[in-house]
Every structure is written in C-alpha cells, then in structure tokens.
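Taking it in order: structure first as structure tokens, then the write-up.
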Amino acid sequence: MSSVVAQRQFVSNRLIIRAREREMAFSSWSHLRLRLPHLARTQSLSVRAFSATVMSPPSKAVVYDRQGPPDSVTRVVELPPVEVKENDVCIKMLASPINPADINRIEGVYPVRPQVPAVGGYEGVGEVFSVGSAVKGLSPGDWVIPSPPSSGTWQTYVVKDQSVWHKINKESPMEYAATITVNPLTALRMLEDFITLNPGDAIVQNGATSIVGQCIIQLAQYRGVHSINVIRDRAGSDEVKEKLKNLGADEVFTESQLEVKNVKGLLTNLPEPALGFNCVGGNAASLVLKFLRQGGTMVTYGGMSKKPITVSTSSFIFKDLSLRGFWLQKWMSSDKTNECRPMIDYLLDRAREGKLKYEMELVPFNDFHTALDKALGKLGSQPKQVLTF
C-alpha cells in the first residue's frame, strides 16, 4: 500500500512540475509577445535611420596644402564620399572659372582666403544631384550657383547647406552661369552704387578689355549711358577697338592717344563723365581722372599694374574729385544675399538675350593644369578659362 501511495505522490509532483513549466513558458511567451512590437519598431527605426544616410559620390578636386605658386602647390586628387545631412544639397558641378582672385587666394596674398588644406575655386554652376531630408525648394536636376560665392568649386561634387545655393533658369548659358557672380555683378554694382546715372550720361574706364570692363560697356549701353574706354597700347589695338565698339563702346582710346593737354577735346558729342572706373592704377588711373567733370568720382576695384594712384592737388582743390573703392566680397559679406540673387537673375536674363557677352574658353577639368598655365599668362593673352566637369 505504501508503494502505491509513493507512486501516486511521484506522479502528482511531476504534474505540478509540468504545470509550473507550462506557466513559466506561457509567461515568457506573453512577455515576448508584448515586446515584439517594440522590437519591431526599434528594428524598423534602425533600418530607416541607416537607409536615410545619404552619401555623395567620390569627388575629384583641385587641392592645395599650402600657399604658394599655383602651378607648384595645386594637385588633382580623389576625395572620399561625404554625408549629405538633412539640410545639405549635393551638387554635381558643371563649370567653374579660374579667376585672378582664385590665383591670389592660392598664393596667399588675397585678403580673405580659406584655411589650408583647401579646394580651389570660388564660383561656378552645378546641377543638384541629391538633397537632404529637410531640404525644400530644390530637387535633383535643378541648376544652382553658390550665392554669395563659396570656396571649393573646383571639384566634381560639392556638398553644402541648402542656404548656399541659388536656383537659376536652366536655359541660362552654362559658361555665363558659371561666371556671372564675380565680374558681371561687380560691373552692375559699381554702375549703381556711387552716383545716379541717367540716360545720356557718360562713364570713363581703363581696363576696358577685362570682363568687368566689357560688362560695364554693355550694361551702360543697355541703360542709355555712354562709355569712354582706355586700353593699353598693344599690337592689334585697332582690332581691340573694333571689338569693344561692337559691344557698345562709344569711344575707345589707347593710352598714347591721350598724351595731350586737353583730353576732353577728343570727345565729340559726349558729355563729360561724372563716374570713372580704375582697375589698373599708375598712369592709366590718371587718364581716367583727366576725363572726369567737376565733382566727379573715380572708383578703384583693381590694380593690375601694381603702381600707385597719383592725384594732383588741383584735382582735389579745383575739380573736387572723389576717390572711392569697391570690393565685391566686402559688399556681399554685409548680409546682401537677398539683394544679390535678383541681380544674378537680371544679369543672366541679359546673357540669355545676348545683351551681355564676353569671351571665354571652356576647358575639360582633366586639363586643369593647361588651363591654369593660360590663366597665369604663361601662354600669352588668353580668354577667361572655364573648367567643365
């Protein structure tokens, strides 16, 4: 009898143990079932977070690790992909020029320059390649320019905050879109910022063959303002004069033609100019001053001759002339972004109409060093060099 009781007790204990095992298993499953939605959400968020990370393609860029002669310190390298953050836009560059200021930045002589190591270039045009998740108003395929200009345009892909980029009309000629922000905008601002010019007025300038000079001629003519232009003596000066007159110049003189006592006697039916522009310095600046009327203003925006401006005492006392300066980068740094962009659109409209033009040479990015040599003047006088990507 005792063995039967013992056996029954053993079976009962086994049943109790199994019940407890089932209870524990059910409890574990219930806990896991409650946890599954959370785990699924966490896993989903993790996947989405990973999939939302957008990277740019690898980029080929012109970089320099130290300041110095551009043909010695620049090199073309491959840069790794970078993250496109939520407010960033990745741009596939289409074209970017080599400007004198770009060269000066690399040389280390420009007043404002990026810290090294740096990517060269300051203006250009590109196509939107991809955008961050929070970007509004820009989509892949749009054409944009950095406005105000921004360092680092000599590379195949650029990633910067959406606030840097200004969307433009895709019908704009690519080479003009790439070069519109520095030289043409300088010309426009100088025509508008110093005195009020009315139709029938006149301006005088040296450096008329420069891109700024050519833009001044055309923008002045568009507004009914006459231009008197001074160029340096050179072989083929007659052809240069003809070219500038085809752009809209009223008068073009070589410096030697102005070695007369009364330069104003050379003007026929033109009024004395109230505004002059100087980008050369030295004697060329003095010639601009000779043309100015009483109370006139000369604006200096360059010094290609590296010679100082000399002004006679009588010019101040008896003619009450004013000397001013203009630096586009300073103007842009004074919170002018909102003003700048409509001006860019205005200038691109003129370019599309064929009423703003200047000579450029498009050069494949792979031939950067050849373009650089031309920009440095190693191969004689050359058109503006514009890199294409």
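Just so we're on the same page: first chain in the structure tokens is A, next is B, and so on; residues restart at 1 for each chain, and ligands are numbered from 1 in the order they show up.
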Spatial neighbours of A:Ala375, 12 Å, only C-alpha atoms, chain gap at least 3 places, as a ChimeraX atom specification: /A:70-71,97-104,360-361,363,368-372,378-387
May I have the residues from that selection written out with N, CA, C and O atoms, as a short mmCIF file (atom, residue, chain, number, x, y, z; two decimals), in the first residue's frame?
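Generated output (part-v5.cif):
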```
data_model
loop_
_atom_site.label_atom_id
_atom_site.label_comp_id
_atom_site.auth_asym_id
_atom_site.auth_seq_id
_atom_site.Cartn_x
_atom_site.Cartn_y
_atom_site.Cartn_z
N PRO A 70 50.62 78.81 -57.72
CA PRO A 70 49.55 77.85 -58.01
C PRO A 70 49.99 76.65 -58.84
O PRO A 70 49.51 75.53 -58.63
N ASP A 71 50.92 76.87 -59.78
CA ASP A 71 51.35 75.75 -60.61
C ASP A 71 52.23 74.78 -59.86
O ASP A 71 52.50 73.67 -60.34
N PRO A 97 35.06 78.89 -63.25
CA PRO A 97 36.17 79.61 -63.89
C PRO A 97 37.42 79.67 -63.02
O PRO A 97 37.38 79.40 -61.82
N ILE A 98 38.51 80.05 -63.65
CA ILE A 98 39.75 80.39 -62.93
C ILE A 98 39.86 81.91 -62.96
O ILE A 98 40.17 82.51 -64.00
N ASN A 99 39.59 82.55 -61.84
CA ASN A 99 39.64 84.00 -61.73
C ASN A 99 40.97 84.45 -61.12
O ASN A 99 41.61 83.69 -60.39
N PRO A 100 41.38 85.69 -61.39
CA PRO A 100 42.60 86.20 -60.74
C PRO A 100 42.56 86.08 -59.22
O PRO A 100 43.57 85.77 -58.59
N ALA A 101 41.38 86.31 -58.62
CA ALA A 101 41.28 86.20 -57.17
C ALA A 101 41.51 84.77 -56.70
O ALA A 101 42.03 84.55 -55.59
N ASP A 102 41.13 83.77 -57.52
CA ASP A 102 41.40 82.37 -57.17
C ASP A 102 42.91 82.15 -57.07
O ASP A 102 43.39 81.48 -56.15
N ILE A 103 43.62 82.70 -58.03
CA ILE A 103 45.08 82.57 -58.04
C ILE A 103 45.68 83.26 -56.82
O ILE A 103 46.57 82.73 -56.14
N ASN A 104 45.17 84.46 -56.51
CA ASN A 104 45.68 85.20 -55.35
C ASN A 104 45.41 84.46 -54.04
O ASN A 104 46.23 84.51 -53.12
N MET A 360 35.21 83.53 -73.53
CA MET A 360 35.66 82.50 -72.59
C MET A 360 36.15 81.29 -73.36
O MET A 360 35.77 81.09 -74.51
N GLU A 361 36.97 80.50 -72.72
CA GLU A 361 37.41 79.22 -73.29
C GLU A 361 37.03 78.11 -72.33
O GLU A 361 37.43 78.12 -71.15
N VAL A 363 37.35 74.47 -70.87
CA VAL A 363 38.46 73.51 -70.77
C VAL A 363 38.02 72.32 -69.92
O VAL A 363 37.53 72.52 -68.80
N PHE A 368 43.15 70.62 -66.26
CA PHE A 368 43.24 71.75 -65.33
C PHE A 368 44.56 72.49 -65.42
O PHE A 368 44.60 73.73 -65.47
N HIS A 369 45.67 71.77 -65.43
CA HIS A 369 46.97 72.44 -65.37
C HIS A 369 47.25 73.24 -66.64
O HIS A 369 47.93 74.27 -66.59
N THR A 370 46.74 72.80 -67.77
CA THR A 370 46.87 73.59 -69.00
C THR A 370 46.07 74.89 -68.87
O THR A 370 46.55 75.98 -69.22
N ALA A 371 44.84 74.77 -68.36
CA ALA A 371 44.02 75.96 -68.14
C ALA A 371 44.68 76.90 -67.14
O ALA A 371 44.65 78.13 -67.31
N LEU A 372 45.29 76.35 -66.10
CA LEU A 372 45.97 77.16 -65.10
C LEU A 372 47.14 77.93 -65.73
O LEU A 372 47.33 79.13 -65.46
N LYS A 378 51.14 82.27 -68.90
CA LYS A 378 52.33 81.61 -69.44
C LYS A 378 52.27 81.44 -70.95
O LYS A 378 53.31 81.27 -71.61
N LEU A 379 51.05 81.44 -71.50
CA LEU A 379 50.88 81.20 -72.93
C LEU A 379 50.36 82.44 -73.65
O LEU A 379 49.67 82.34 -74.66
N GLY A 380 50.68 83.62 -73.11
CA GLY A 380 50.23 84.86 -73.73
C GLY A 380 48.82 85.22 -73.32
O GLY A 380 48.22 84.60 -72.43
N SER A 381 48.27 86.22 -73.98
CA SER A 381 46.92 86.67 -73.66
C SER A 381 45.90 85.59 -74.06
O SER A 381 45.91 85.11 -75.19
N GLN A 382 45.07 85.22 -73.12
CA GLN A 382 44.11 84.14 -73.34
C GLN A 382 42.73 84.56 -72.82
O GLN A 382 42.62 85.41 -71.93
N PRO A 383 41.66 83.98 -73.34
CA PRO A 383 40.33 84.26 -72.81
C PRO A 383 40.20 83.70 -71.39
O PRO A 383 41.04 82.94 -70.91
N LYS A 384 39.13 84.10 -70.72
CA LYS A 384 38.82 83.54 -69.41
C LYS A 384 38.74 82.03 -69.50
O LYS A 384 38.07 81.48 -70.37
N GLN A 385 39.45 81.34 -68.61
CA GLN A 385 39.46 79.88 -68.59
C GLN A 385 38.32 79.36 -67.70
O GLN A 385 38.23 79.71 -66.52
N VAL A 386 37.45 78.53 -68.28
CA VAL A 386 36.32 77.98 -67.55
C VAL A 386 36.42 76.46 -67.59
O VAL A 386 36.40 75.84 -68.64
N LEU A 387 36.56 75.87 -66.39
CA LEU A 387 36.66 74.41 -66.28
C LEU A 387 35.28 73.79 -66.43
O LEU A 387 34.30 74.28 -65.87
#
```
Residues of stretch 88-294 of chain A in strand (DSSP E or B), written as a ChimeraX atom specification: /A:88-97,118-119,125-131,143-146,155,157-161,165-168,202-206,226-231,251-254,275-278,281
DSSP alpha helix (DSSP H) residues within stretch 50-257 of chain A, listed as JSON, numbers by chain: {"A": [50, 51, 70, 71, 72, 73, 100, 101, 102, 103, 104, 105, 106, 107, 174, 175, 176, 177, 178, 179, 183, 184, 185, 186, 187, 188, 189, 190, 191, 192, 193, 211, 212, 213, 214, 215, 216, 217, 218, 219, 220, 221, 222, 237, 238, 239, 240, 241, 242, 243, 244, 245, 246, 247]}
With only C-alpha atoms counted and 10 Å as the cut-off, give the residues of stretch 178-271 of chain A in contact with stretch 294-310 of chain A, each with its shortest interatomic distance in Å and the pair that gives it, as JSON lines.
```
{"residue": "A:Thr186", "atom": "CA", "partner": "A:Tyr301", "partner_atom": "CA", "distance": 8.7}
{"residue": "A:Ala187", "atom": "CA", "partner": "A:Tyr301", "partner_atom": "CA", "distance": 9.8}
{"residue": "A:Met190", "atom": "CA", "partner": "A:Val299", "partner_atom": "CA", "distance": 7.7}
{"residue": "A:Leu191", "atom": "CA", "partner": "A:Val299", "partner_atom": "CA", "distance": 9.9}
{"residue": "A:Phe194", "atom": "CA", "partner": "A:Thr297", "partner_atom": "CA", "distance": 7.9}
{"residue": "A:Ile195", "atom": "CA", "partner": "A:Thr297", "partner_atom": "CA", "distance": 8.2}
{"residue": "A:Ile203", "atom": "CA", "partner": "A:Met298", "partner_atom": "CA", "distance": 9.7}
{"residue": "A:Val204", "atom": "CA", "partner": "A:Met298", "partner_atom": "CA", "distance": 8.9}
{"residue": "A:Gln205", "atom": "CA", "partner": "A:Met298", "partner_atom": "CA", "distance": 8.9}
{"residue": "A:Gly207", "atom": "CA", "partner": "A:Met304", "partner_atom": "CA", "distance": 8.8}
{"residue": "A:Val212", "atom": "CA", "partner": "A:Tyr301", "partner_atom": "CA", "distance": 9.8}
```
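Interatomic distance, atom CA of A:Leu275 against atom CA of A:Glu123: 28.4 Å.
Minimum atom-to-atom distances from A:Val225, A:Val63, A:Ala177, A:Ile168 to A:Ser96 were compared using only C-alpha atoms, and the lowest value belongs to A:Ala177.
Counting only C-alpha atoms, the residue from A:Trp165, A:Phe389, A:Tyr110, A:Tyr64 that sits nearest to A:Trp327 is A:Tyr110.
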From A:Val280, A:Val260, A:Ala95, A:Val89, residue lying nearest A:Ser133 [only C-alpha atoms]: A:Val89
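Minimum atom-to-atom distances from A:Ser163, A:Ser312, A:Asn169, A:Asn366 to A:Pro148 were compared using only C-alpha atoms, and the lowest value belongs to A:Ser163.
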Neighbour list for A:Arg223 as JSON, numbers by chain, cut-off 9 Å, only C-alpha atoms, skip fewer than 4 positions in-chain: {"A": [197, 198, 199, 200, 218, 219]}
A:Ile344 environment, 8 Å, only C-alpha atoms, sequence neighbours closer than 6 positions dropped, as a CSV table (one decimal) with C-alpha atoms, in the first residue's frame:
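File part-v4.csv, as written:
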```
chain,number,residue,atom,x,y,z
A,180,ILE,CA,28.1,85.6,-63.6
A,181,THR,CA,28.6,86.2,-59.8
A,185,LEU,CA,28.0,91.6,-60.6
```
Which residues of stretch 41-112 of chain A come within 8 Å of stretch 134-142 of chain A, and what is each one's closest atom pair and distance in Å (one decimal), counting only C-alpha atoms, sorted by chain and residue number, as CSV?
```
residue,atom,partner,partner_atom,distance
A:Glu86,CA,A:Ala134,CA,5.0
A:Asn87,CA,A:Val135,CA,5.3
A:Asp88,CA,A:Val135,CA,7.0
A:Val89,CA,A:Val135,CA,7.6
```
Between atom CA of A:Lys319 and atom CA of A:Leu258, distance in Å (one decimal): 19.3 Å
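Atom pair atom CA of A:Asp373 / atom CA of A:Arg232: separated by 22.9 Å.
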